[in-house]
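Chemist: Next comes protein.cif, mmCIF, C-alpha atoms:
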data_upload
loop_
_atom_site.group_PDB
_atom_site.id
_atom_site.type_symbol
_atom_site.label_atom_id
_atom_site.label_comp_id
_atom_site.auth_asym_id
_atom_site.auth_seq_id
_atom_site.Cartn_x
_atom_site.Cartn_y
_atom_site.Cartn_z
ATOM 1 C CA MET J 1 27.145 -50.054 9.329
ATOM 2 C CA ALA J 2 25.692 -49.655 12.839
ATOM 3 C CA GLU J 3 29.185 -50.008 14.274
ATOM 4 C CA LEU J 4 30.433 -47.173 12.044
ATOM 5 C CA SER J 5 27.593 -44.975 13.280
ATOM 6 C CA LYS J 6 28.483 -45.795 16.891
ATOM 7 C CA ILE J 7 32.136 -44.816 16.315
ATOM 8 C CA LYS J 8 30.998 -41.569 14.689
ATOM 9 C CA GLN J 9 28.797 -40.818 17.726
ATOM 10 C CA GLN J 10 31.705 -41.505 20.087
ATOM 11 C CA LYS J 11 33.962 -39.155 18.128
ATOM 12 C CA GLN J 12 31.272 -36.479 18.117
ATOM 13 C CA ALA J 13 30.924 -36.840 21.902
ATOM 14 C CA ILE J 14 34.686 -36.276 22.266
ATOM 15 C CA ILE J 15 34.528 -33.210 19.989
ATOM 16 C CA ASP J 16 31.584 -31.847 22.018
ATOM 17 C CA ASP J 17 33.564 -32.364 25.244
ATOM 18 C CA ILE J 18 36.568 -30.523 23.792
ATOM 19 C CA GLN J 19 34.277 -27.686 22.666
ATOM 20 C CA THR J 20 32.917 -27.384 26.195
ATOM 21 C CA LYS J 21 36.455 -27.216 27.572
ATOM 22 C CA LEU J 22 37.462 -24.577 25.006
ATOM 23 C CA GLU J 23 34.410 -22.467 25.875
ATOM 24 C CA SER J 24 34.779 -22.854 29.664
ATOM 25 C CA ALA J 25 38.500 -22.184 29.979
ATOM 26 C CA LYS J 26 39.723 -18.662 30.656
ATOM 27 C CA SER J 27 43.035 -19.488 29.000
ATOM 28 C CA ILE J 28 44.502 -22.442 27.154
ATOM 29 C CA VAL J 29 48.115 -23.420 26.510
ATOM 30 C CA LEU J 30 49.155 -25.932 23.860
ATOM 31 C CA VAL J 31 52.377 -27.744 24.682
ATOM 32 C CA ASN J 32 54.673 -30.101 22.814
ATOM 33 C CA TYR J 33 55.120 -32.739 25.518
ATOM 34 C CA ILE J 34 57.651 -34.972 23.740
ATOM 35 C CA GLY J 35 60.551 -36.116 25.883
ATOM 36 C CA LEU J 36 58.747 -36.032 29.233
ATOM 37 C CA ASN J 37 58.901 -39.146 31.367
ATOM 38 C CA VAL J 38 56.022 -40.481 33.476
ATOM 39 C CA GLU J 39 57.359 -38.898 36.673
ATOM 40 C CA GLU J 40 57.591 -35.463 35.063
ATOM 41 C CA VAL J 41 54.112 -35.698 33.559
ATOM 42 C CA SER J 42 52.729 -36.744 36.974
ATOM 43 C CA GLU J 43 54.451 -33.789 38.637
ATOM 44 C CA LEU J 44 53.072 -31.429 35.995
ATOM 45 C CA ARG J 45 49.549 -32.842 36.363
ATOM 46 C CA ASN J 46 49.712 -32.426 40.160
ATOM 47 C CA GLN J 47 50.795 -28.791 39.832
ATOM 48 C CA PHE J 48 47.949 -28.166 37.402
ATOM 49 C CA ARG J 49 45.371 -29.978 39.525
ATOM 50 C CA ALA J 50 46.222 -27.810 42.543
ATOM 51 C CA LEU J 51 45.279 -24.701 40.505
ATOM 52 C CA ASN J 52 42.150 -26.129 38.811
ATOM 53 C CA VAL J 53 43.925 -26.471 35.475
ATOM 54 C CA GLU J 54 43.036 -29.515 33.411
ATOM 55 C CA TYR J 55 45.912 -31.080 31.459
ATOM 56 C CA LYS J 56 44.916 -33.375 28.617
ATOM 57 C CA VAL J 57 46.531 -35.099 25.668
ATOM 58 C CA LEU J 58 43.934 -34.912 22.910
ATOM 59 C CA LYS J 59 43.866 -35.935 19.263
ATOM 60 C CA ASN J 60 44.859 -33.009 17.067
ATOM 61 C CA THR J 61 42.059 -33.718 14.570
ATOM 62 C CA MET J 62 39.433 -33.653 17.326
ATOM 63 C CA VAL J 63 40.736 -30.358 18.705
ATOM 64 C CA THR J 64 40.824 -28.903 15.181
ATOM 65 C CA ARG J 65 37.176 -29.836 14.610
ATOM 66 C CA ALA J 66 36.087 -28.462 17.988
ATOM 67 C CA ALA J 67 37.962 -25.191 17.349
ATOM 68 C CA GLN J 68 36.434 -24.868 13.880
ATOM 69 C CA ASN J 69 32.946 -25.427 15.324
ATOM 70 C CA LEU J 70 33.579 -22.529 17.730
ATOM 71 C CA GLY J 71 35.015 -20.246 15.034
ATOM 72 C CA ILE J 72 38.535 -20.251 16.487
ATOM 73 C CA ASP J 73 40.865 -19.525 13.578
ATOM 74 C CA GLY J 74 44.552 -20.351 13.203
ATOM 75 C CA LEU J 75 44.780 -23.090 15.829
ATOM 76 C CA GLU J 76 45.100 -25.917 13.323
ATOM 77 C CA GLU J 77 48.599 -24.817 12.270
ATOM 78 C CA TYR J 78 49.825 -25.636 15.813
ATOM 79 C CA LEU J 79 48.001 -28.960 16.047
ATOM 80 C CA HIS J 80 50.645 -31.334 14.759
ATOM 81 C CA GLY J 81 52.968 -33.767 16.485
ATOM 82 C CA THR J 82 52.569 -34.413 20.186
ATOM 83 C CA THR J 83 50.178 -31.909 21.728
ATOM 84 C CA ALA J 84 48.963 -31.591 25.293
ATOM 85 C CA ILE J 85 46.565 -28.863 26.334
ATOM 86 C CA ALA J 86 46.275 -27.064 29.668
ATOM 87 C CA PHE J 87 42.802 -25.599 30.284
ATOM 88 C CA SER J 88 42.819 -22.886 33.012
ATOM 89 C CA TYR J 89 39.300 -22.572 34.397
ATOM 90 C CA ASP J 90 39.683 -20.113 37.321
ATOM 91 C CA ASP J 91 42.773 -17.993 36.820
ATOM 92 C CA PRO J 92 43.893 -17.300 33.244
ATOM 93 C CA THR J 93 47.504 -16.976 34.434
ATOM 94 C CA ALA J 94 47.630 -20.346 36.259
ATOM 95 C CA GLY J 95 48.310 -22.656 33.313
ATOM 96 C CA PRO J 96 50.863 -20.384 31.658
ATOM 97 C CA LYS J 97 52.735 -19.916 34.969
ATOM 98 C CA VAL J 98 52.960 -23.645 35.665
ATOM 99 C CA ILE J 99 54.129 -24.398 32.109
ATOM 100 C CA LYS J 100 56.681 -21.581 32.104
ATOM 101 C CA ASP J 101 58.135 -22.662 35.469
ATOM 102 C CA PHE J 102 58.131 -26.326 34.416
ATOM 103 C CA ILE J 103 59.998 -25.566 31.182
ATOM 104 C CA LYS J 104 62.502 -23.423 33.091
ATOM 105 C CA LYS J 105 63.093 -26.289 35.540
ATOM 106 C CA THR J 106 63.215 -29.275 33.149
ATOM 107 C CA LYS J 107 64.244 -27.630 29.861
ATOM 108 C CA LYS J 108 62.308 -30.408 28.108
ATOM 109 C CA THR J 109 59.060 -29.213 26.621
ATOM 110 C CA GLU J 110 57.931 -26.168 24.676
ATOM 111 C CA ILE J 111 54.858 -23.997 24.339
ATOM 112 C CA LYS J 112 53.229 -24.134 20.904
ATOM 113 C CA CYS J 113 50.685 -21.326 21.395
ATOM 114 C CA GLY J 114 47.772 -20.356 23.590
ATOM 115 C CA LEU J 115 44.215 -19.114 23.602
ATOM 116 C CA LEU J 116 42.793 -16.288 25.650
ATOM 117 C CA GLY J 117 39.060 -16.569 25.154
ATOM 118 C CA LYS J 118 38.744 -17.301 21.437
ATOM 119 C CA ASN J 119 41.864 -15.316 20.559
ATOM 120 C CA LEU J 120 44.997 -17.142 19.499
ATOM 121 C CA ILE J 121 48.100 -15.899 21.343
ATOM 122 C CA SER J 122 51.761 -16.463 20.544
ATOM 123 C CA VAL J 123 54.410 -18.107 22.723
ATOM 124 C CA ASP J 124 55.651 -14.641 23.763
ATOM 125 C CA GLN J 125 52.126 -13.631 24.759
ATOM 126 C CA VAL J 126 51.674 -16.853 26.766
ATOM 127 C CA GLU J 127 54.935 -16.099 28.595
ATOM 128 C CA ALA J 128 53.799 -12.505 29.184
ATOM 129 C CA LEU J 129 50.516 -13.830 30.602
ATOM 130 C CA ALA J 130 52.549 -16.068 32.917
ATOM 131 C CA SER J 131 54.310 -12.954 34.237
ATOM 132 C CA VAL J 132 51.071 -11.217 35.224
ATOM 133 C CA PRO J 133 50.337 -11.483 38.960
ATOM 134 C CA ASN J 134 47.339 -13.639 39.858
ATOM 135 C CA LYS J 135 43.982 -12.129 40.819
ATOM 136 C CA GLU J 136 44.610 -12.227 44.586
ATOM 137 C CA THR J 137 47.946 -10.412 44.223
ATOM 138 C CA LEU J 138 46.403 -7.777 41.942
ATOM 139 C CA VAL J 139 43.568 -7.170 44.426
ATOM 140 C CA ALA J 140 46.082 -6.816 47.279
ATOM 141 C CA MET J 141 48.119 -4.341 45.217
ATOM 142 C CA LEU J 142 44.995 -2.343 44.389
ATOM 143 C CA LEU J 143 43.898 -2.226 48.027
ATOM 144 C CA SER J 144 47.359 -1.071 49.056
ATOM 145 C CA VAL J 145 47.246 1.752 46.504
ATOM 146 C CA MET J 146 43.742 2.715 47.636
ATOM 147 C CA ASN J 147 44.809 2.698 51.299
ATOM 148 C CA GLY J 148 47.693 5.123 50.687
ATOM 149 C CA PRO J 149 45.632 8.353 50.451
ATOM 150 C CA ILE J 150 43.388 7.265 53.324
ATOM 151 C CA ARG J 151 46.425 6.521 55.488
ATOM 152 C CA GLY J 152 47.871 9.956 54.627
ATOM 153 C CA PHE J 153 44.561 11.661 55.452
ATOM 154 C CA VAL J 154 44.310 9.868 58.811
ATOM 155 C CA THR J 155 47.906 10.826 59.603
ATOM 156 C CA ALA J 156 47.156 14.467 58.748
ATOM 157 C CA LEU J 157 44.009 14.427 60.875
ATOM 158 C CA ASN J 158 45.968 12.899 63.737
ATOM 159 C CA GLY J 159 48.599 15.646 63.351
ATOM 160 C CA ILE J 160 46.091 18.432 64.104
ATOM 161 C CA PRO J 161 45.263 17.354 67.684
ATOM 162 C CA THR J 162 48.894 16.369 68.271
ATOM 163 C CA GLY J 163 50.022 19.850 67.181
ATOM 164 C CA LEU J 164 47.374 21.461 69.352
ATOM 165 C CA VAL J 165 48.450 19.419 72.382
ATOM 166 C CA ARG J 166 52.091 20.410 71.804
ATOM 167 C CA ALA J 167 51.158 24.083 71.434
ATOM 168 C CA LEU J 168 49.094 24.002 74.617
ATOM 169 C CA ASP J 169 51.917 22.186 76.429
ATOM 170 C CA GLY J 170 54.321 24.907 75.236
ATOM 171 C CA VAL J 171 51.990 27.647 76.516
ATOM 172 C CA ARG J 172 51.654 25.814 79.835
ATOM 173 C CA ALA J 173 55.425 25.442 80.147
ATOM 174 C CA GLN J 174 55.885 29.139 79.328
ATOM 175 C CA LYS J 175 53.409 30.247 81.984
ATOM 176 C CA GLN J 176 54.950 27.983 84.610
ATOM 177 C CA GLY J 177 58.476 28.887 83.966
#
Written as C-alpha cells, that's how I'd like the structure from this file.
Modeler:
Amino acid sequence: MAELSKIKQQKQAIIDDIQTKLESAKSIVLVNYIGLNVEEVSELRNQFRALNVEYKVLKNTMVTRAAQNLGIDGLEEYLHGTTAIAFSYDDPTAGPKVIKDFIKKTKKTEIKCGLLGKNLISVDQVEALASVPNKETLVAMLLSVMNGPIRGFVTALNGIPTGLVRALDGVRAQKQG
C-alpha cells in the first residue's frame, strides 16, 4: 500500500512539473514524432536548445491531467499516439519555426496542434506563428519605420542652409562676373 502511495506521489510530481512548463511557456507545439531516428531527434533537440526551447516526450495521460488542472480545454483530443512537446520559453515563434523548418527539411513528422498561452491553436495557426518575425527583427523594423520621418526632417533641415549657401554663392558669382 505504501508503494502505491509512493507511485502516486511520483506521478503527481510529474503532473506538477508539466503544469509548470505549460504555465511558463509562451508557446507550445505538439508534434507526432514517429519515424524520426536518433540522429534526427538529436539535431532537433540541439536546434531547440539553442533557442531556449525545451523538447520533451511526455505521457499523454500526464499532459491531459496537467492541462485539465490548468483549465486548458480541447488538448486531450490531440494527445494520442506518439507525442513530443516543444515548450518555447523566450520567443513564442522559436518552437514553431524550428518545427516548421525541420518538417520542411525531413518530411517526416507532423504538427498536431499548439498552445499560445492557454489558447489551443490549429496546425495552420502554428505555421502562421512560425512565419512571424522574431522579437529582435520586429524591433529593428519598428525602429527603421520610426527613423524614416526623423531622417526626412534632418534632410529638410540640412537643405535650408545648403540652399542658402547656394543662393549666396550665386549672388557672389553674379557680382563678380
Chemist: Using Å and a single decimal, report how far CA of His80 in chain J sits from CA of Tyr33 in chain J.
Modeler: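 Going from CA of Tyr33 in chain J over to CA of His80 in chain J covers 11.7 Å.
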Chemist: At a cut-off of 7 Å from (44.5, -22.7, 40.5) in the coordinates of the file, what residues are picked up using only C-alpha atoms, written as a PDB file with C-alpha atoms, keeping the file's coordinate frame?
Modeler:
ATOM      1  CA  ALA J  50      46.222 -27.810  42.543  1.00  0.00           C
ATOM      2  CA  LEU J  51      45.279 -24.701  40.505  1.00  0.00           C
ATOM      3  CA  ASN J  52      42.150 -26.129  38.811  1.00  0.00           C
ATOM      4  CA  VAL J  53      43.925 -26.471  35.475  1.00  0.00           C
ATOM      5  CA  ASP J  90      39.683 -20.113  37.321  1.00  0.00           C
ATOM      6  CA  ASP J  91      42.773 -17.993  36.820  1.00  0.00           C
ATOM      7  CA  ALA J  94      47.630 -20.346  36.259  1.00  0.00           C
TER       8      ALA J  94
END
Chemist: In Å, how far is it from CA of Ile28 in chain J to CA of Pro96 in chain J?
Modeler: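 Result for CA of Ile28 in chain J versus CA of Pro96 in chain J: 8.1 Å, one decimal.
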Chemist: Taking all atoms listed in the file into account, name the residue in J:Lys105, J:Lys175, J:Lys112, J:Arg45 that is nearest to Gln125 in chain J.
Modeler: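 Smallest separation from Gln125 in chain J among the options: J:Lys112.
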Chemist: Taking (53.6, -29.4, 34.4) in the file's coordinates, which residues come within 10 Å, counting all atoms listed in the file, written as a ChimeraX atom specification?
Modeler: /J:31,33,36,40-49,55,86,95-103,106,109
Chemist: Residues within 6 Å of Met62 in chain J, please, as a PDB file with C-alpha atoms, in the coordinates of the input. Count only C-alpha atoms; anything in the same chain fewer than 3 positions from it doesn't count.
Modeler:
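The resulting file, result_2.pdb, is shown below:
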ATOM      1  CA  ILE J  15      34.528 -33.210  19.989  1.00  0.00           C
ATOM      2  CA  LYS J  59      43.866 -35.935  19.263  1.00  0.00           C
ATOM      3  CA  ARG J  65      37.176 -29.836  14.610  1.00  0.00           C
TER       4      ARG J  65
END
Chemist: Please determine an axis-aligned box that encloses all atoms of range 104-112 of chain J listed in the file, with 8 Å added on each side, and express its centre and edge lengths in Å to one decimal as JSON.
Modeler:
{"center_x": 58.7, "center_y": -26.9, "center_z": 28.2, "size_x": 27.0, "size_y": 23.0, "size_z": 30.6}
Chemist: Please, what distance in Å, to one decimal, runs between CA of Met146 in chain J and CA of Ser131 in chain J?
Modeler: 23.2 Å
Chemist: Can you pull out the residues contacting Asn69 in chain J? Cut-off 12 Å, using only C-alpha atoms, and skip same-chain residues under 5 positions away; I want them as a list in words.
Modeler: Gln12, Ile15, Asp16, Ile18, Gln19, Thr20, Leu22, Glu23, Met62, Val63, Thr64 and Lys118 of chain J
